[in-house]
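Asker: Once you've had a glance at the structure underneath, I'll fire off some questions.
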Amino acid sequence: MSTTTPDAAIGRRTLRKVALRVMPLLMVLYFVNYLDRVNIGFAGPNGMNRELGLTATAFGLASGIFFLGYLLLEVPSNLALHRFGARRWLARILISWGILATAMAFVPNGTWLIVLRFLLGVAEAGFFPGIILYLTYWFPAEQRARAVAMFMAAVPVSTAVGSLVSSLIISGGEGLFGLTGWRVMFLVEGIPAILLAVVTFVALTDRPTDARWLADDERAWLTARLEAEARETAVGGHWPLRRALTSPRILALAFVYFGVTYGLYALGFFLPTIVAGFEQQFGTKLSVVERGAVTAVPYVIAAVAMVLWGRRADTARTVRATAWYVAAPALLGGIAIPIALYLRSPWTAMAAVTVCAVGVCAALGPFWALPSRFLTGAAAAGGIALVNSLGNISGFAAPYVTGWLADLSGSQRAGLWVVGVCMVAAAGVAVLVGTRIARERTPATVDRRAPSLD
């Protein structure tokens, strides 16, 4: 005899329908977004650095300056999305970043590369935190870590697939339109963002109340569920926008995100260079495409781990438990990465890099479930954007510091030690933040056991 209540059955049906309708498009958007952000990592060791005369430090600056532009407009962009709706605002972001991403195919020198990377960051500002905010409009808290993990699985997938695709374009596109291979790669990989702007404007739905593709009872259930959670969150203390933007708690979360994404961007921008260096370090000879395939392996494994860990993190019933789901993989990755370049074969070195990639990616889904535990409305829009923008300073710091240390020391080892320290520190602060929030929270007044997506 079934014990499923009619309300629970509606909930499962609704969340399954939302996941099938919303998540595929969001994952495709983030796949293209992240690829356009990090494909400079494939261009660098495959002709760009040589053609433009870039040192490791200059390459790190060009890679990381994207995030300074990103930082400037992150919060106002997310507030605009909250006010005007995701459909219009995300389409605007897609068009502007797509134009700039394709323009990088025609840079004449390192200066113009740096300028366009900065402007690309300005154009993309608000995209990622906008999606995180958008997910809070559609998924109850008990499903949010899994939803974020599914969305962010596009990061390792885009790096894995992007490694192969970018390598194939660079190798096969040499001379196309009179351009060198790396320029063809920028041109080809920038165009999808422009096309997806049209798809986003037509297909995306702003809020559940606008979702005509949900039945009346499904729309009513989801709206009531999310409104109840918003009221419950408010019981723990009202967070106006000003408080969200100045809170030490938000700044602490930004530090955690900085530490985790420091590892993400250091690997994303420099792993192709590290793999290319295996020839000198270990005598391993790999073609451009083979290097792309080797670079893809850690991210394929990380993508699987990310989704499975996000599913597991949704079983956490407290903020403190969720924080541990962030801290544990961050600690694992932080310990693994400095070891990588001290190992004596490319196989063991890539094994350590893979453990780090798994740790970085697994921590991201549970992390973005934390801010929505105490923020709603405009405070959530501003707070999430601030955490993302401050945390993404790592996107500037990681490639620049890693490149500078490589030039200074003649190896990648010092840079990877910094990655490890940042990730271990992030793990410690995550535990402290989770413990502090748990102590301050009022006991829940709403049953948080949302129906499963399974």
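So you can find residues: chains in the structure tokens are A, B, ... in the order shown, residues in each start at 1, and ligands are numbered from 1 in order.
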So that I can see what lies close to region 61-75 of chain A, please list as an NGL selection string the residues with an atom at most 9 Å from it, counting only C-alpha atoms and leaving out residues fewer than 3 positions away in the same chain.
Answerer: :A and (37-38 or 40-41 or 56-58 or 78-80 or 110-111 or 113-127 or 129 or 265 or 269 or 381-386 or 388-390 or 392-401 or 403)
Asker: Within 7 Å of region 410-416 of chain A, counting only C-alpha atoms, which residues show up once you throw out same-chain ones fewer than 2 positions away? Write them as a ChimeraX atom specification, please.
Answerer: /A:337-338,341,401-402,405-408,418-420
Asker: Go through region 185-416 of chain A and collect every residue that DSSP, computed from the backbone, puts in helix (DSSP H, G or I); the answer should be as a PyMOL selection string.
Answerer: chain A and resi 185-203+208-210+216-235+241-246+248-276+278-282+288-313+319-342+346-367+371-373+377-391+393-409+413-416
Asker: Give me the residues within 10 Å of Phe31 (chain A) as a PyMOL selection string, counting only C-alpha atoms and dropping any in the same chain fewer than 6 places off.
Answerer: chain A and resi 25+37+151-159+161-162
Asker: How would the residues just chosen look if you wrote them out with N, CA and C atoms as a PDB file, in the first residue's frame?
Answerer:
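After the write, result-v8.pdb holds the following:
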```pdb
ATOM      1  N   LEU A  25      18.739  23.967 -20.642  1.00  0.00           N
ATOM      2  CA  LEU A  25      19.121  25.248 -21.224  1.00  0.00           C
ATOM      3  C   LEU A  25      20.162  25.950 -20.369  1.00  0.00           C
ATOM      4  N   ARG A  37      35.222  31.726 -21.262  1.00  0.00           N
ATOM      5  CA  ARG A  37      36.006  32.350 -20.205  1.00  0.00           C
ATOM      6  C   ARG A  37      37.411  31.763 -20.115  1.00  0.00           C
ATOM      7  N   PHE A 151      23.722  22.237 -12.567  1.00  0.00           N
ATOM      8  CA  PHE A 151      24.042  23.407 -13.389  1.00  0.00           C
ATOM      9  C   PHE A 151      25.548  23.584 -13.518  1.00  0.00           C
ATOM     10  N   MET A 152      26.251  23.491 -12.387  1.00  0.00           N
ATOM     11  CA  MET A 152      27.687  23.745 -12.398  1.00  0.00           C
ATOM     12  C   MET A 152      28.494  22.567 -12.919  1.00  0.00           C
ATOM     13  N   ALA A 153      27.839  21.423 -13.146  1.00  0.00           N
ATOM     14  CA  ALA A 153      28.539  20.332 -13.818  1.00  0.00           C
ATOM     15  C   ALA A 153      28.985  20.765 -15.206  1.00  0.00           C
ATOM     16  N   ALA A 154      28.374  21.843 -15.715  1.00  0.00           N
ATOM     17  CA  ALA A 154      28.812  22.386 -17.002  1.00  0.00           C
ATOM     18  C   ALA A 154      30.258  22.868 -16.937  1.00  0.00           C
ATOM     19  N   VAL A 155      30.760  23.197 -15.734  1.00  0.00           N
ATOM     20  CA  VAL A 155      32.159  23.654 -15.614  1.00  0.00           C
ATOM     21  C   VAL A 155      33.137  22.540 -15.982  1.00  0.00           C
ATOM     22  N   PRO A 156      33.122  21.406 -15.272  1.00  0.00           N
ATOM     23  CA  PRO A 156      34.060  20.353 -15.683  1.00  0.00           C
ATOM     24  C   PRO A 156      33.737  19.778 -17.063  1.00  0.00           C
ATOM     25  N   VAL A 157      32.442  19.721 -17.421  1.00  0.00           N
ATOM     26  CA  VAL A 157      32.096  19.202 -18.739  1.00  0.00           C
ATOM     27  C   VAL A 157      32.632  20.120 -19.834  1.00  0.00           C
ATOM     28  N   SER A 158      32.462  21.444 -19.633  1.00  0.00           N
ATOM     29  CA  SER A 158      32.947  22.380 -20.655  1.00  0.00           C
ATOM     30  C   SER A 158      34.459  22.337 -20.764  1.00  0.00           C
ATOM     31  N   THR A 159      35.137  22.110 -19.635  1.00  0.00           N
ATOM     32  CA  THR A 159      36.593  22.017 -19.680  1.00  0.00           C
ATOM     33  C   THR A 159      37.035  20.713 -20.333  1.00  0.00           C
ATOM     34  N   VAL A 161      35.157  18.630 -22.452  1.00  0.00           N
ATOM     35  CA  VAL A 161      34.792  18.653 -23.870  1.00  0.00           C
ATOM     36  C   VAL A 161      35.533  19.784 -24.578  1.00  0.00           C
ATOM     37  N   GLY A 162      35.625  20.940 -23.872  1.00  0.00           N
ATOM     38  CA  GLY A 162      36.307  22.079 -24.463  1.00  0.00           C
ATOM     39  C   GLY A 162      37.765  21.811 -24.748  1.00  0.00           C
TER      40      GLY A 162
END
```
Asker: When you count only C-alpha atoms, which of these residues is closest to Leu196 (chain A): A:Phe106, A:Asn39, A:Gly98, A:Tyr137?
Answerer: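 Smallest distance to Leu196 (chain A) is found for A:Gly98.
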Asker: Show me, as a PyMOL selection string, the residues that have an atom within 9 Å of region 216-226 of chain A when counting only C-alpha atoms, minus same-chain residues fewer than 6 positions from it.
Answerer: chain A and resi 7+10-11+13-15+136-141+208-210+450
Asker: Could you please determine the separation between CA of Ala313 (chain A) and CA of Ala351 (chain A) in Å, to one decimal place?
Answerer: 24.6 Å
Asker: I need the residue nearest Ala147 (chain A) from this list: A:Cys356, A:Val294, A:Leu364, A:Val288. Use only C-alpha atoms for the distance.
Answerer: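 Nearest to Ala147 (chain A): A:Leu364.
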Asker: My list of candidates is A:Trp347, A:Trp368, A:Phe255, A:Phe84. Which is closest to Val424 (chain A) when distances are computed with only C-alpha atoms?
Answerer: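 The closest residue to Val424 (chain A) is A:Phe255.
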Asker: At a cut-off of 9 Å, using only C-alpha atoms, what residues contact Asn46 (chain A)? Leave out same-chain residues fewer than 4 positions from it and give the result as a list in words.
Answerer: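 Listing them by chain and then by number gives Phe42, Arg50, Ser167, Ile170, Ser171, Gly181, Trp182 and Val288 of chain A.
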Asker: Check the smallest atom-to-atom distance from each of A:Ala145, A:Val433, A:Ala316, A:Ala357 to Gly333 (chain A) using only C-alpha atoms, then report the winner.
Answerer: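 Of A:Ala145, A:Val433, A:Ala316, A:Ala357, the one nearest Gly333 (chain A), counting only C-alpha atoms, is A:Ala357.
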Asker: Taking into account only C-alpha atoms, which residue in the set A:Ala276, A:Leu164, A:Ile250, A:Ala427 is nearest to Val300 (chain A)?
Answerer: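 Smallest separation from Val300 (chain A) among the options: A:Leu164.
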Asker: I need the residue nearest Leu179 (chain A) from this list: A:Ala8, A:Met48, A:Leu286, A:Leu20. Use only C-alpha atoms for the distance.
Answerer: A:Met48
